[in-house]
file structure26.tsv (TSV, C-alpha atoms)
chain	number	residue	atom	x	y	z
A	33	MET	CA	-19.95	-5.87	18.37
A	34	GLY	CA	-22.32	-2.94	18.66
A	35	GLU	CA	-23.94	-1.00	15.88
A	36	TRP	CA	-21.75	-0.65	12.86
A	37	HIS	CA	-21.51	2.23	10.36
A	38	GLU	CA	-19.70	2.44	7.04
A	39	THR	CA	-17.17	5.29	7.07
A	40	HIS	CA	-15.93	4.43	3.57
A	41	GLY	CA	-12.38	4.36	4.91
A	42	ARG	CA	-9.87	3.57	2.18
A	43	HIS	CA	-6.22	3.24	3.12
A	44	ILE	CA	-3.43	2.97	0.56
A	45	LEU	CA	0.05	1.95	1.71
A	46	LEU	CA	2.43	3.19	-0.99
A	47	ASP	CA	6.07	2.10	-0.76
A	48	ILE	CA	8.43	3.67	-3.28
A	49	TRP	CA	11.93	2.37	-3.97
A	50	ASP	CA	14.72	3.66	-6.21
A	51	ALA	CA	13.64	7.28	-5.90
A	52	LYS	CA	16.39	9.92	-6.11
A	53	PRO	CA	17.96	10.73	-2.71
A	54	THR	CA	17.99	14.45	-3.55
A	55	VAL	CA	14.23	14.31	-4.15
A	56	LEU	CA	13.65	12.41	-0.90
A	57	ASN	CA	15.59	15.10	0.99
A	58	ASP	CA	13.77	18.01	-0.66
A	59	LEU	CA	11.19	19.03	1.95
A	60	GLU	CA	9.58	21.72	-0.19
A	61	PHE	CA	9.17	19.34	-3.14
A	62	ILE	CA	7.72	16.53	-1.00
A	63	GLN	CA	5.38	18.94	0.79
A	64	ASP	CA	4.22	20.44	-2.50
A	65	THR	CA	3.71	16.95	-3.94
A	66	MET	CA	1.56	15.88	-0.99
A	67	LEU	CA	-0.54	19.03	-0.97
A	68	ALA	CA	-1.08	18.65	-4.72
A	69	ALA	CA	-1.98	14.98	-4.16
A	70	ALA	CA	-4.61	16.03	-1.61
A	71	SER	CA	-6.00	18.46	-4.15
A	72	ALA	CA	-6.01	15.75	-6.84
A	73	ALA	CA	-8.04	13.55	-4.47
A	74	GLY	CA	-10.57	16.35	-3.95
A	75	ALA	CA	-9.73	16.43	-0.24
A	76	ALA	CA	-9.72	19.44	2.10
A	77	VAL	CA	-6.43	20.17	3.88
A	78	VAL	CA	-6.82	21.24	7.51
A	79	GLY	CA	-3.12	21.43	8.32
A	80	ASP	CA	0.31	19.97	7.66
A	81	MET	CA	3.49	19.30	9.56
A	82	PHE	CA	6.92	18.37	8.25
A	83	HIS	CA	10.11	17.42	10.03
A	84	ARG	CA	13.63	17.27	8.59
A	85	PHE	CA	15.95	14.80	10.31
A	86	PRO	CA	19.49	15.98	11.18
A	87	VAL	CA	21.54	13.85	8.79
A	88	GLN	CA	19.00	13.01	6.10
A	89	GLY	CA	15.40	12.02	5.57
A	90	LEU	CA	12.13	13.65	6.47
A	91	SER	CA	8.71	12.90	7.84
A	92	GLY	CA	5.55	14.73	7.01
A	93	VAL	CA	1.81	14.58	7.31
A	94	VAL	CA	-0.99	16.45	5.62
A	95	VAL	CA	-4.11	16.25	7.79
A	96	LEU	CA	-7.28	16.23	5.72
A	97	ALA	CA	-10.92	16.74	6.63
A	98	GLU	CA	-11.09	13.19	5.24
A	99	SER	CA	-8.12	11.65	7.20
A	100	HIS	CA	-4.46	12.07	6.10
A	101	ILE	CA	-1.54	11.67	3.73
A	102	SER	CA	1.81	10.91	5.40
A	103	VAL	CA	5.36	10.17	4.34
A	104	HIS	CA	8.64	8.99	5.81
A	105	THR	CA	11.68	9.09	3.52
A	106	PHE	CA	14.97	7.18	3.70
A	107	PRO	CA	17.16	8.88	1.09
A	108	GLU	CA	20.06	6.55	1.93
A	109	HIS	CA	17.91	3.67	0.64
A	110	GLY	CA	16.02	5.54	-2.10
A	111	TYR	CA	12.92	4.59	-0.13
A	112	ALA	CA	9.75	6.44	0.89
A	113	ALA	CA	6.70	5.11	2.74
A	114	PHE	CA	3.50	7.01	1.95
A	115	ASP	CA	0.06	6.52	3.46
A	116	ILE	CA	-3.02	7.85	1.75
A	117	PHE	CA	-6.02	7.38	4.02
A	118	THR	CA	-9.42	8.87	3.22
A	119	CYS	CA	-12.94	8.47	4.51
A	120	GLY	CA	-16.13	9.32	2.68
A	121	THR	CA	-17.19	8.78	-0.90
A	122	HIS	CA	-16.53	12.25	-2.39
A	123	VAL	CA	-12.72	11.87	-2.43
A	124	ASP	CA	-10.49	9.75	-4.66
A	125	PRO	CA	-7.42	8.40	-2.83
A	126	GLU	CA	-6.27	6.64	-6.02
A	127	ALA	CA	-5.84	10.05	-7.71
A	128	ALA	CA	-3.58	11.14	-4.84
A	129	CYS	CA	-1.59	7.92	-5.14
A	130	ASP	CA	-1.19	8.35	-8.91
A	131	HIS	CA	-0.03	11.94	-8.42
A	132	ILE	CA	2.68	10.96	-5.93
A	133	ILE	CA	3.90	8.09	-8.14
A	134	ALA	CA	4.06	10.37	-11.18
A	135	ARG	CA	6.17	12.94	-9.33
A	136	LEU	CA	8.47	10.61	-7.39
A	137	GLY	CA	9.30	7.99	-9.98
A	138	GLY	CA	11.06	4.81	-8.84
A	139	ASP	CA	9.55	1.39	-8.28
A	140	ARG	CA	6.36	1.22	-6.28
A	141	TYR	CA	4.49	-1.33	-4.24
A	142	VAL	CA	0.91	-0.48	-3.42
A	143	LYS	CA	-1.39	-2.19	-0.94
A	144	ARG	CA	-5.02	-1.19	-0.47
A	145	PHE	CA	-7.25	-1.76	2.56
A	146	ASP	CA	-10.72	-0.90	3.70
A	147	ARG	CA	-10.78	0.69	7.15
A	148	GLY	CA	-13.47	0.46	9.78
A	149	LEU	CA	-14.94	-2.80	8.61
A	150	PRO	CA	-15.45	-5.20	11.52
A	151	GLU	CA	-14.35	-8.71	10.66
A	152	GLY	CA	-17.03	-10.77	8.97
A	153	ILE	CA	-19.26	-7.74	8.39
A	154	HIS	CA	-19.87	-8.56	4.73
A	155	GLU	CA	-20.97	-12.09	5.65
A	156	ARG	CA	-23.28	-10.78	8.37
A	157	VAL	CA	-24.86	-8.21	6.06
A	158	ALA	CA	-25.40	-10.92	3.44
A	159	GLN	CA	-27.06	-13.15	6.06
A	160	LEU	CA	-29.35	-10.34	7.19
A	161	GLN	CA	-30.28	-9.55	3.60
A	162	THR	CA	-31.04	-13.22	2.94
A	163	ALA	CA	-33.10	-13.47	6.14
A	164	ALA	CA	-35.07	-10.33	5.23
A	165	SER	CA	-35.85	-11.38	1.66
B	10	MET	CA	13.93	-3.49	-8.65
B	11	GLY	CA	17.18	-1.97	-7.45
B	12	GLU	CA	19.04	-2.66	-4.25
B	13	TRP	CA	16.81	-3.38	-1.32
B	14	HIS	CA	17.28	-2.56	2.37
B	15	GLU	CA	15.31	-3.68	5.39
B	16	THR	CA	13.86	-0.68	7.26
B	17	HIS	CA	12.02	-2.94	9.72
B	18	GLY	CA	8.83	-1.04	8.99
B	19	ARG	CA	5.92	-2.33	11.02
B	20	HIS	CA	2.49	-0.83	10.47
B	21	ILE	CA	-0.49	-1.57	12.70
B	22	LEU	CA	-3.97	-0.51	11.56
B	23	LEU	CA	-6.08	-0.34	14.73
B	24	ASP	CA	-9.83	0.20	14.32
B	25	ILE	CA	-11.78	0.73	17.53
B	26	TRP	CA	-15.58	0.54	17.73
B	27	ASP	CA	-18.00	1.16	20.59
B	28	ALA	CA	-15.74	3.69	22.30
B	29	LYS	CA	-17.46	6.46	24.27
B	30	PRO	CA	-18.29	9.54	22.17
B	31	THR	CA	-17.17	11.84	24.98
B	32	VAL	CA	-13.75	10.14	24.96
B	33	LEU	CA	-13.48	10.39	21.16
B	34	ASN	CA	-14.19	14.14	21.39
B	35	ASP	CA	-11.69	14.75	24.17
B	36	LEU	CA	-8.65	16.15	22.37
B	37	GLU	CA	-6.47	16.39	25.47
B	38	PHE	CA	-7.22	12.79	26.47
B	39	ILE	CA	-6.57	11.43	22.96
B	40	GLN	CA	-3.37	13.47	22.62
B	41	ASP	CA	-2.14	12.32	26.02
B	42	THR	CA	-2.99	8.70	25.13
B	43	MET	CA	-1.02	8.87	21.89
B	44	LEU	CA	2.01	10.54	23.46
B	45	ALA	CA	1.98	7.92	26.22
B	46	ALA	CA	1.64	5.20	23.56
B	47	ALA	CA	4.74	6.57	21.81
B	48	SER	CA	6.58	6.44	25.12
B	49	ALA	CA	5.38	2.87	25.74
B	50	ALA	CA	6.82	1.92	22.35
B	51	GLY	CA	10.16	3.45	23.23
B	52	ALA	CA	9.82	5.93	20.36
B	53	ALA	CA	11.06	9.52	20.20
B	54	VAL	CA	8.41	12.19	19.52
B	55	VAL	CA	9.56	14.94	17.14
B	56	GLY	CA	6.23	16.79	17.00
B	57	ASP	CA	2.48	16.47	17.10
B	58	MET	CA	-0.53	18.12	15.51
B	59	PHE	CA	-4.19	17.83	16.42
B	60	HIS	CA	-7.30	19.20	14.77
B	61	ARG	CA	-10.80	19.45	16.24
B	62	PHE	CA	-13.61	19.38	13.68
B	63	PRO	CA	-16.42	21.95	14.02
B	64	VAL	CA	-19.31	19.66	14.99
B	65	GLN	CA	-17.52	16.63	16.43
B	66	GLY	CA	-14.55	14.38	15.88
B	67	LEU	CA	-10.85	15.03	15.72
B	68	SER	CA	-7.74	14.10	13.79
B	69	GLY	CA	-4.26	13.94	15.17
B	70	VAL	CA	-0.78	12.75	14.43
B	71	VAL	CA	2.29	12.24	16.57
B	72	VAL	CA	5.38	12.28	14.36
B	73	LEU	CA	8.12	10.01	15.67
B	74	ALA	CA	11.79	9.70	14.84
B	75	GLU	CA	10.60	6.17	13.92
B	76	SER	CA	7.52	7.15	11.77
B	77	HIS	CA	4.11	8.06	13.29
B	78	ILE	CA	0.99	7.40	15.32
B	79	SER	CA	-2.22	8.89	13.89
B	80	VAL	CA	-5.91	8.94	14.72
B	81	HIS	CA	-9.22	9.98	13.20
B	82	THR	CA	-12.27	9.78	15.46
B	83	PHE	CA	-15.95	9.54	14.57
B	84	PRO	CA	-17.73	10.05	17.92
B	85	GLU	CA	-21.15	9.78	16.21
B	86	HIS	CA	-20.22	6.16	15.36
B	87	GLY	CA	-18.14	5.36	18.47
B	88	TYR	CA	-15.34	4.73	15.98
B	89	ALA	CA	-11.63	5.63	15.87
B	90	ALA	CA	-9.02	4.67	13.25
B	91	PHE	CA	-5.49	4.57	14.64
B	92	ASP	CA	-2.25	3.92	12.76
B	93	ILE	CA	0.88	2.90	14.57
B	94	PHE	CA	3.79	2.85	12.13
B	95	THR	CA	7.38	2.35	13.27
B	96	CYS	CA	10.70	1.62	11.61
B	97	GLY	CA	13.76	0.14	13.25
B	98	THR	CA	14.16	-2.68	15.73
B	99	HIS	CA	14.53	-0.72	18.98
B	100	VAL	CA	10.84	0.26	19.20
B	101	ASP	CA	7.80	-1.86	20.05
B	102	PRO	CA	4.66	-0.79	18.12
B	103	GLU	CA	2.65	-3.55	19.84
B	104	ALA	CA	3.22	-1.82	23.20
B	105	ALA	CA	1.78	1.41	21.75
B	106	CYS	CA	-1.19	-0.52	20.36
B	107	ASP	CA	-1.83	-2.22	23.71
B	108	HIS	CA	-1.66	1.13	25.50
B	109	ILE	CA	-4.26	2.73	23.21
B	110	ILE	CA	-6.60	-0.27	23.50
B	111	ALA	CA	-6.31	-0.25	27.30
B	112	ARG	CA	-7.22	3.44	27.50
B	113	LEU	CA	-9.94	3.59	24.82
B	114	GLY	CA	-11.88	0.40	25.54
B	115	GLY	CA	-14.47	-0.70	22.99
B	116	ASP	CA	-14.14	-3.45	20.41
B	117	ARG	CA	-10.98	-3.52	18.35
B	118	TYR	CA	-9.86	-4.88	15.03
B	119	VAL	CA	-6.15	-4.99	14.46
B	120	LYS	CA	-4.29	-5.61	11.20
B	121	ARG	CA	-0.50	-5.82	10.99
B	122	PHE	CA	1.73	-5.25	7.96
B	123	ASP	CA	5.39	-5.11	7.14
B	124	ARG	CA	6.36	-1.95	5.26
B	125	GLY	CA	9.08	-1.53	2.70
B	126	LEU	CA	9.25	-5.13	1.62
B	127	PRO	CA	9.23	-5.46	-2.17
B	128	GLU	CA	6.91	-8.20	-3.35
B	129	GLY	CA	8.54	-11.61	-3.39
B	130	ILE	CA	11.57	-10.42	-1.44
B	131	HIS	CA	11.43	-13.31	1.02
B	132	GLU	CA	11.38	-15.82	-1.83
B	133	ARG	CA	14.30	-14.10	-3.56
B	134	VAL	CA	16.36	-14.02	-0.37
B	135	ALA	CA	15.66	-17.72	0.16
B	136	GLN	CA	16.74	-18.47	-3.42
B	137	LEU	CA	19.98	-16.50	-2.97
B	138	GLN	CA	20.69	-18.28	0.31
B	139	THR	CA	20.07	-21.66	-1.33
B	140	ALA	CA	22.29	-20.75	-4.29
B	141	ALA	CA	25.09	-19.59	-1.95
B	142	SER	CA	25.01	-22.66	0.29
call {"tool": "encode", "arguments": {"input": "structure26.tsv", "output": "structure tokens"}}
result
Amino acid sequence: MGEWHETHGRHILLDIWDAKPTVLNDLEFIQDTMLAAASAAGAAVVGDMFHRFPVQGLSGVVVLAESHISVHTFPEHGYAAFDIFTCGTHVDPEAACDHIIARLGGDRYVKRFDRGLPEGIHERVAQLQTAAS
Amino acid sequence: MGEWHETHGRHILLDIWDAKPTVLNDLEFIQDTMLAAASAAGAAVVGDMFHRFPVQGLSGVVVLAESHISVHTFPEHGYAAFDIFTCGTHVDPEAACDHIIARLGGDRYVKRFDRGLPEGIHERVAQLQTAAS
């Protein structure tokens, strides 16, 4: 492993079940929800792209200066898979997550991960700090 | 929790370190790599969007009929954060991951997750199967 830098990458995998199919098919509502979520996080939107599938369901991504928010909906299952991924310390991905949950309803399952952390980095930093003290 | 359906969501978080800064700033190369990765997975591309940041670095997403492949690069750190997220059983996200690793080089840290699985679902299914047998 070469030199390592903290990018403060925080990635939230948000799975929502039991949402209303009409909501999960409403591109304008989902797009508005995601743009508002980006705003709630304090993130800067650099672009967005949404795609409506022929029968039902949609995919969308809001690209941020600080990474992205994405969604894939399965109205037939009442299911939507959101990702909220931010880097840097000035944004709050939890605020974006809360905003989406508040607007979508349903049951939700949230997993949180740090990104960009090489395995064992915390242990190595602790060892270096101990060695230097 | 309401009725649950298996979407076969597979999400790979691929963090690459020690990649060449020139490669991480090369939008055409990164875009081509991701489109080829989608093809290697057997996925259908429905659109893509890339953004070049003013000083350095880029963000991009390839939206698939089966979810997405995304990237955020930090050339100043030799770092890139890829997501490879697919649903369904006919695609192979590992093939996309392998393709990106082969073309980018560097050190890599890969985490794999199932998406869309309510907590404890495996235990509940096992209980139902036991009760029914």
call {"tool": "residues_around", "arguments": {"input": "structure26.tsv", "residues": "Cys96 of chain B", "least_positions_apart": "4", "cutoff": "9 Å", "atoms": "all atoms listed in the file", "output": "PyMOL selection string"}}
result
chain B and resi 16-20+74-76+100+124
call {"tool": "closest_residue", "arguments": {"input": "structure26.tsv", "among": "B:Arg121, B:Asp57, B:Phe83, B:Phe38", "to": "Val94 of chain A", "atoms": "all atoms listed in the file"}}
result
B:Asp57
call {"tool": "residues_around", "arguments": {"input": "structure26.tsv", "residues": "Lys120 of chain B", "least_positions_apart": "4", "cutoff": "9 Å", "atoms": "only C-alpha atoms", "output": "MDAnalysis selection string"}}
result
chainID B and resid 20:24
call {"tool": "closest_residue", "arguments": {"input": "structure26.tsv", "among": "B:Gly114, B:Gly69, B:Pro84, B:Pro30", "to": "chain A", "atoms": "only C-alpha atoms"}}
result
B:Gly69
call {"tool": "closest_atom_pairs", "arguments": {"input": "structure26.tsv", "of": "chain B", "to": "chain A", "cutoff": "9 Å", "atoms": "only C-alpha atoms", "output": "Markdown table"}}
result
| residue | atom | partner | partner_atom | distance |
| --- | --- | --- | --- | --- |
| B:Met10 | CA | A:Asp139 | CA | 6.6 |
| B:Gly11 | CA | A:Asp50 | CA | 6.3 |
| B:Glu12 | CA | A:Asp50 | CA | 7.9 |
| B:Trp13 | CA | A:His109 | CA | 7.4 |
| B:His14 | CA | A:His109 | CA | 6.5 |
| B:Thr16 | CA | A:Phe106 | CA | 8.7 |
| B:Leu22 | CA | A:Arg147 | CA | 8.2 |
| B:Leu23 | CA | A:Gly148 | CA | 8.9 |
| B:Asp24 | CA | A:Gly148 | CA | 5.8 |
| B:Ile25 | CA | A:Gly148 | CA | 7.9 |
| B:Trp26 | CA | A:Gly34 | CA | 7.6 |
| B:Asp27 | CA | A:Gly34 | CA | 6.3 |
| B:Val55 | CA | A:His83 | CA | 7.6 |
| B:Gly56 | CA | A:His83 | CA | 8.0 |
| B:Asp57 | CA | A:Met81 | CA | 8.1 |
| B:Met58 | CA | A:Met81 | CA | 7.3 |
| B:Phe59 | CA | A:Val95 | CA | 8.8 |
| B:His60 | CA | A:Val78 | CA | 7.6 |
| B:Phe62 | CA | A:Ala97 | CA | 8.0 |
| B:Ser68 | CA | A:Ser99 | CA | 7.0 |
| B:Gly69 | CA | A:Val95 | CA | 7.7 |
| B:Val70 | CA | A:Val93 | CA | 7.8 |
| B:Val72 | CA | A:Ser91 | CA | 7.3 |
| B:Leu73 | CA | A:Ser91 | CA | 8.4 |
| B:Ala74 | CA | A:Phe85 | CA | 8.0 |
| B:Glu75 | CA | A:His104 | CA | 8.8 |
| B:Ser76 | CA | A:His104 | CA | 6.3 |
| B:His77 | CA | A:Ser91 | CA | 8.6 |
| B:Ser79 | CA | A:His100 | CA | 8.7 |
| B:Val80 | CA | A:Ser99 | CA | 8.3 |
| B:His81 | CA | A:Ser99 | CA | 6.3 |
| B:Phe83 | CA | A:Thr39 | CA | 8.7 |
| B:His86 | CA | A:His37 | CA | 6.5 |
| B:Gly87 | CA | A:Trp36 | CA | 9.0 |
| B:Tyr88 | CA | A:Gly148 | CA | 7.8 |
| B:Ala89 | CA | A:Gly148 | CA | 8.2 |
| B:Ala90 | CA | A:Gly148 | CA | 7.0 |
| B:Gly115 | CA | A:Met33 | CA | 8.8 |
| B:Asp116 | CA | A:Met33 | CA | 6.6 |
| B:Arg117 | CA | A:Pro150 | CA | 8.3 |
| B:Tyr118 | CA | A:Pro150 | CA | 6.6 |
| B:Arg124 | CA | A:Asp47 | CA | 7.3 |
| B:Gly125 | CA | A:Asp47 | CA | 5.8 |
| B:Leu126 | CA | A:Asp47 | CA | 8.2 |
| B:Pro127 | CA | A:Tyr141 | CA | 6.6 |
| B:Glu128 | CA | A:Tyr141 | CA | 7.3 |
call {"tool": "atom_distance", "arguments": {"input": "structure26.tsv", "atom1": "atom CA of Ile133 of chain A", "atom2": "atom CA of Leu59 of chain A"}}
result
16.6 Å
call {"tool": "atom_distance", "arguments": {"input": "structure26.tsv", "atom1": "atom CA of Glu126 of chain A", "atom2": "atom CA of Ala51 of chain A"}}
result
19.9 Å
call {"tool": "residues_near_point", "arguments": {"input": "structure26.tsv", "point": "(-8.1, 13.1, -8.5)", "cutoff": "7 Å", "atoms": "all atoms listed in the file", "output": "NGL selection string"}}
result
:A and (72-74 or 124 or 127-128)
call {"tool": "closest_residue", "arguments": {"input": "structure26.tsv", "among": "A:Gly89, A:Gln159, A:Ser165, A:Phe117", "to": "Ile62 of chain A", "atoms": "all atoms listed in the file"}}
result
A:Gly89
call {"tool": "atom_distance", "arguments": {"input": "structure26.tsv", "atom1": "atom CA of Thr42 of chain B", "atom2": "atom CA of Arg112 of chain B"}}
result
7.2 Å
call {"tool": "decode", "arguments": {"input": "structure26.tsv", "residues": "segment 123-134 of chain A", "atoms": "all heavy atoms", "output": "PDB file, in the first residue's frame"}}
result
ATOM      1  N   VAL A 123     -20.442  18.072   4.336  1.00  0.00           N
ATOM      2  CA  VAL A 123     -21.782  17.594   3.967  1.00  0.00           C
ATOM      3  C   VAL A 123     -22.284  16.587   5.001  1.00  0.00           C
ATOM      4  O   VAL A 123     -21.504  16.000   5.740  1.00  0.00           O
ATOM      5  CB  VAL A 123     -21.797  16.942   2.558  1.00  0.00           C
ATOM      6  CG1 VAL A 123     -21.668  17.987   1.478  1.00  0.00           C
ATOM      7  CG2 VAL A 123     -20.708  15.886   2.446  1.00  0.00           C
ATOM      8  N   ASP A 124     -23.613  16.405   5.003  1.00  0.00           N
ATOM      9  CA  ASP A 124     -24.240  15.517   5.987  1.00  0.00           C
ATOM     10  C   ASP A 124     -25.109  14.482   5.272  1.00  0.00           C
ATOM     11  O   ASP A 124     -26.299  14.729   5.030  1.00  0.00           O
ATOM     12  CB  ASP A 124     -25.082  16.355   6.957  1.00  0.00           C
ATOM     13  CG  ASP A 124     -25.752  15.499   8.022  1.00  0.00           C
ATOM     14  OD1 ASP A 124     -25.475  14.278   8.086  1.00  0.00           O
ATOM     15  OD2 ASP A 124     -26.562  16.056   8.789  1.00  0.00           O
ATOM     16  N   PRO A 125     -24.528  13.324   4.907  1.00  0.00           N
ATOM     17  CA  PRO A 125     -25.315  12.322   4.181  1.00  0.00           C
ATOM     18  C   PRO A 125     -26.510  11.805   4.973  1.00  0.00           C
ATOM     19  O   PRO A 125     -27.511  11.395   4.384  1.00  0.00           O
ATOM     20  CB  PRO A 125     -24.295  11.209   3.897  1.00  0.00           C
ATOM     21  CG  PRO A 125     -23.227  11.376   4.931  1.00  0.00           C
ATOM     22  CD  PRO A 125     -23.145  12.857   5.159  1.00  0.00           C
ATOM     23  N   GLU A 126     -26.419  11.841   6.308  1.00  0.00           N
ATOM     24  CA  GLU A 126     -27.539  11.374   7.140  1.00  0.00           C
ATOM     25  C   GLU A 126     -28.774  12.256   6.926  1.00  0.00           C
ATOM     26  O   GLU A 126     -29.905  11.772   6.960  1.00  0.00           O
ATOM     27  CB  GLU A 126     -27.159  11.379   8.621  1.00  0.00           C
ATOM     28  CG  GLU A 126     -26.021  10.440   8.981  1.00  0.00           C
ATOM     29  CD  GLU A 126     -26.381   8.958   8.838  1.00  0.00           C
ATOM     30  OE1 GLU A 126     -27.573   8.632   8.769  1.00  0.00           O
ATOM     31  OE2 GLU A 126     -25.434   8.147   8.777  1.00  0.00           O
ATOM     32  N   ALA A 127     -28.553  13.554   6.719  1.00  0.00           N
ATOM     33  CA  ALA A 127     -29.679  14.475   6.478  1.00  0.00           C
ATOM     34  C   ALA A 127     -30.370  14.129   5.172  1.00  0.00           C
ATOM     35  O   ALA A 127     -31.606  14.186   5.069  1.00  0.00           O
ATOM     36  CB  ALA A 127     -29.177  15.922   6.465  1.00  0.00           C
ATOM     37  N   ALA A 128     -29.585  13.741   4.153  1.00  0.00           N
ATOM     38  CA  ALA A 128     -30.173  13.328   2.879  1.00  0.00           C
ATOM     39  C   ALA A 128     -30.978  12.046   3.068  1.00  0.00           C
ATOM     40  O   ALA A 128     -32.093  11.911   2.551  1.00  0.00           O
ATOM     41  CB  ALA A 128     -29.066  13.113   1.839  1.00  0.00           C
ATOM     42  N   CYS A 129     -30.419  11.119   3.815  1.00  0.00           N
ATOM     43  CA  CYS A 129     -31.089   9.841   4.083  1.00  0.00           C
ATOM     44  C   CYS A 129     -32.419  10.076   4.814  1.00  0.00           C
ATOM     45  O   CYS A 129     -33.456   9.527   4.427  1.00  0.00           O
ATOM     46  CB  CYS A 129     -30.161   8.955   4.909  1.00  0.00           C
ATOM     47  SG  CYS A 129     -30.782   7.298   5.228  1.00  0.00           S
ATOM     48  N   ASP A 130     -32.381  10.907   5.836  1.00  0.00           N
ATOM     49  CA  ASP A 130     -33.595  11.223   6.603  1.00  0.00           C
ATOM     50  C   ASP A 130     -34.666  11.849   5.708  1.00  0.00           C
ATOM     51  O   ASP A 130     -35.859  11.544   5.831  1.00  0.00           O
ATOM     52  CB  ASP A 130     -33.267  12.182   7.757  1.00  0.00           C
ATOM     53  CG  ASP A 130     -32.424  11.527   8.840  1.00  0.00           C
ATOM     54  OD1 ASP A 130     -32.335  10.279   8.851  1.00  0.00           O
ATOM     55  OD2 ASP A 130     -31.859  12.258   9.667  1.00  0.00           O
ATOM     56  N   HIS A 131     -34.227  12.721   4.811  1.00  0.00           N
ATOM     57  CA  HIS A 131     -35.166  13.399   3.918  1.00  0.00           C
ATOM     58  C   HIS A 131     -35.873  12.394   3.005  1.00  0.00           C
ATOM     59  O   HIS A 131     -37.095  12.449   2.822  1.00  0.00           O
ATOM     60  CB  HIS A 131     -34.433  14.450   3.086  1.00  0.00           C
ATOM     61  CG  HIS A 131     -35.348  15.226   2.198  1.00  0.00           C
ATOM     62  ND1 HIS A 131     -36.027  16.352   2.632  1.00  0.00           N
ATOM     63  CD2 HIS A 131     -35.741  15.018   0.919  1.00  0.00           C
ATOM     64  CE1 HIS A 131     -36.782  16.803   1.642  1.00  0.00           C
ATOM     65  NE2 HIS A 131     -36.630  16.016   0.604  1.00  0.00           N
ATOM     66  N   ILE A 132     -35.114  11.480   2.443  1.00  0.00           N
ATOM     67  CA  ILE A 132     -35.690  10.472   1.538  1.00  0.00           C
ATOM     68  C   ILE A 132     -36.666   9.575   2.305  1.00  0.00           C
ATOM     69  O   ILE A 132     -37.776   9.306   1.834  1.00  0.00           O
ATOM     70  CB  ILE A 132     -34.571   9.637   0.879  1.00  0.00           C
ATOM     71  CG1 ILE A 132     -33.771  10.516  -0.078  1.00  0.00           C
ATOM     72  CG2 ILE A 132     -35.151   8.419   0.158  1.00  0.00           C
ATOM     73  CD1 ILE A 132     -32.472   9.894  -0.577  1.00  0.00           C
ATOM     74  N   ILE A 133     -36.285   9.131   3.484  1.00  0.00           N
ATOM     75  CA  ILE A 133     -37.146   8.274   4.301  1.00  0.00           C
ATOM     76  C   ILE A 133     -38.455   8.992   4.634  1.00  0.00           C
ATOM     77  O   ILE A 133     -39.544   8.411   4.528  1.00  0.00           O
ATOM     78  CB  ILE A 133     -36.420   7.847   5.592  1.00  0.00           C
ATOM     79  CG1 ILE A 133     -35.332   6.820   5.264  1.00  0.00           C
ATOM     80  CG2 ILE A 133     -37.393   7.295   6.631  1.00  0.00           C
ATOM     81  CD1 ILE A 133     -34.394   6.502   6.423  1.00  0.00           C
ATOM     82  N   ALA A 134     -38.349  10.259   4.995  1.00  0.00           N
ATOM     83  CA  ALA A 134     -39.536  11.033   5.374  1.00  0.00           C
ATOM     84  C   ALA A 134     -40.502  11.166   4.203  1.00  0.00           C
ATOM     85  O   ALA A 134     -41.722  11.149   4.387  1.00  0.00           O
ATOM     86  CB  ALA A 134     -39.116  12.417   5.888  1.00  0.00           C
TER      87      ALA A 134
END
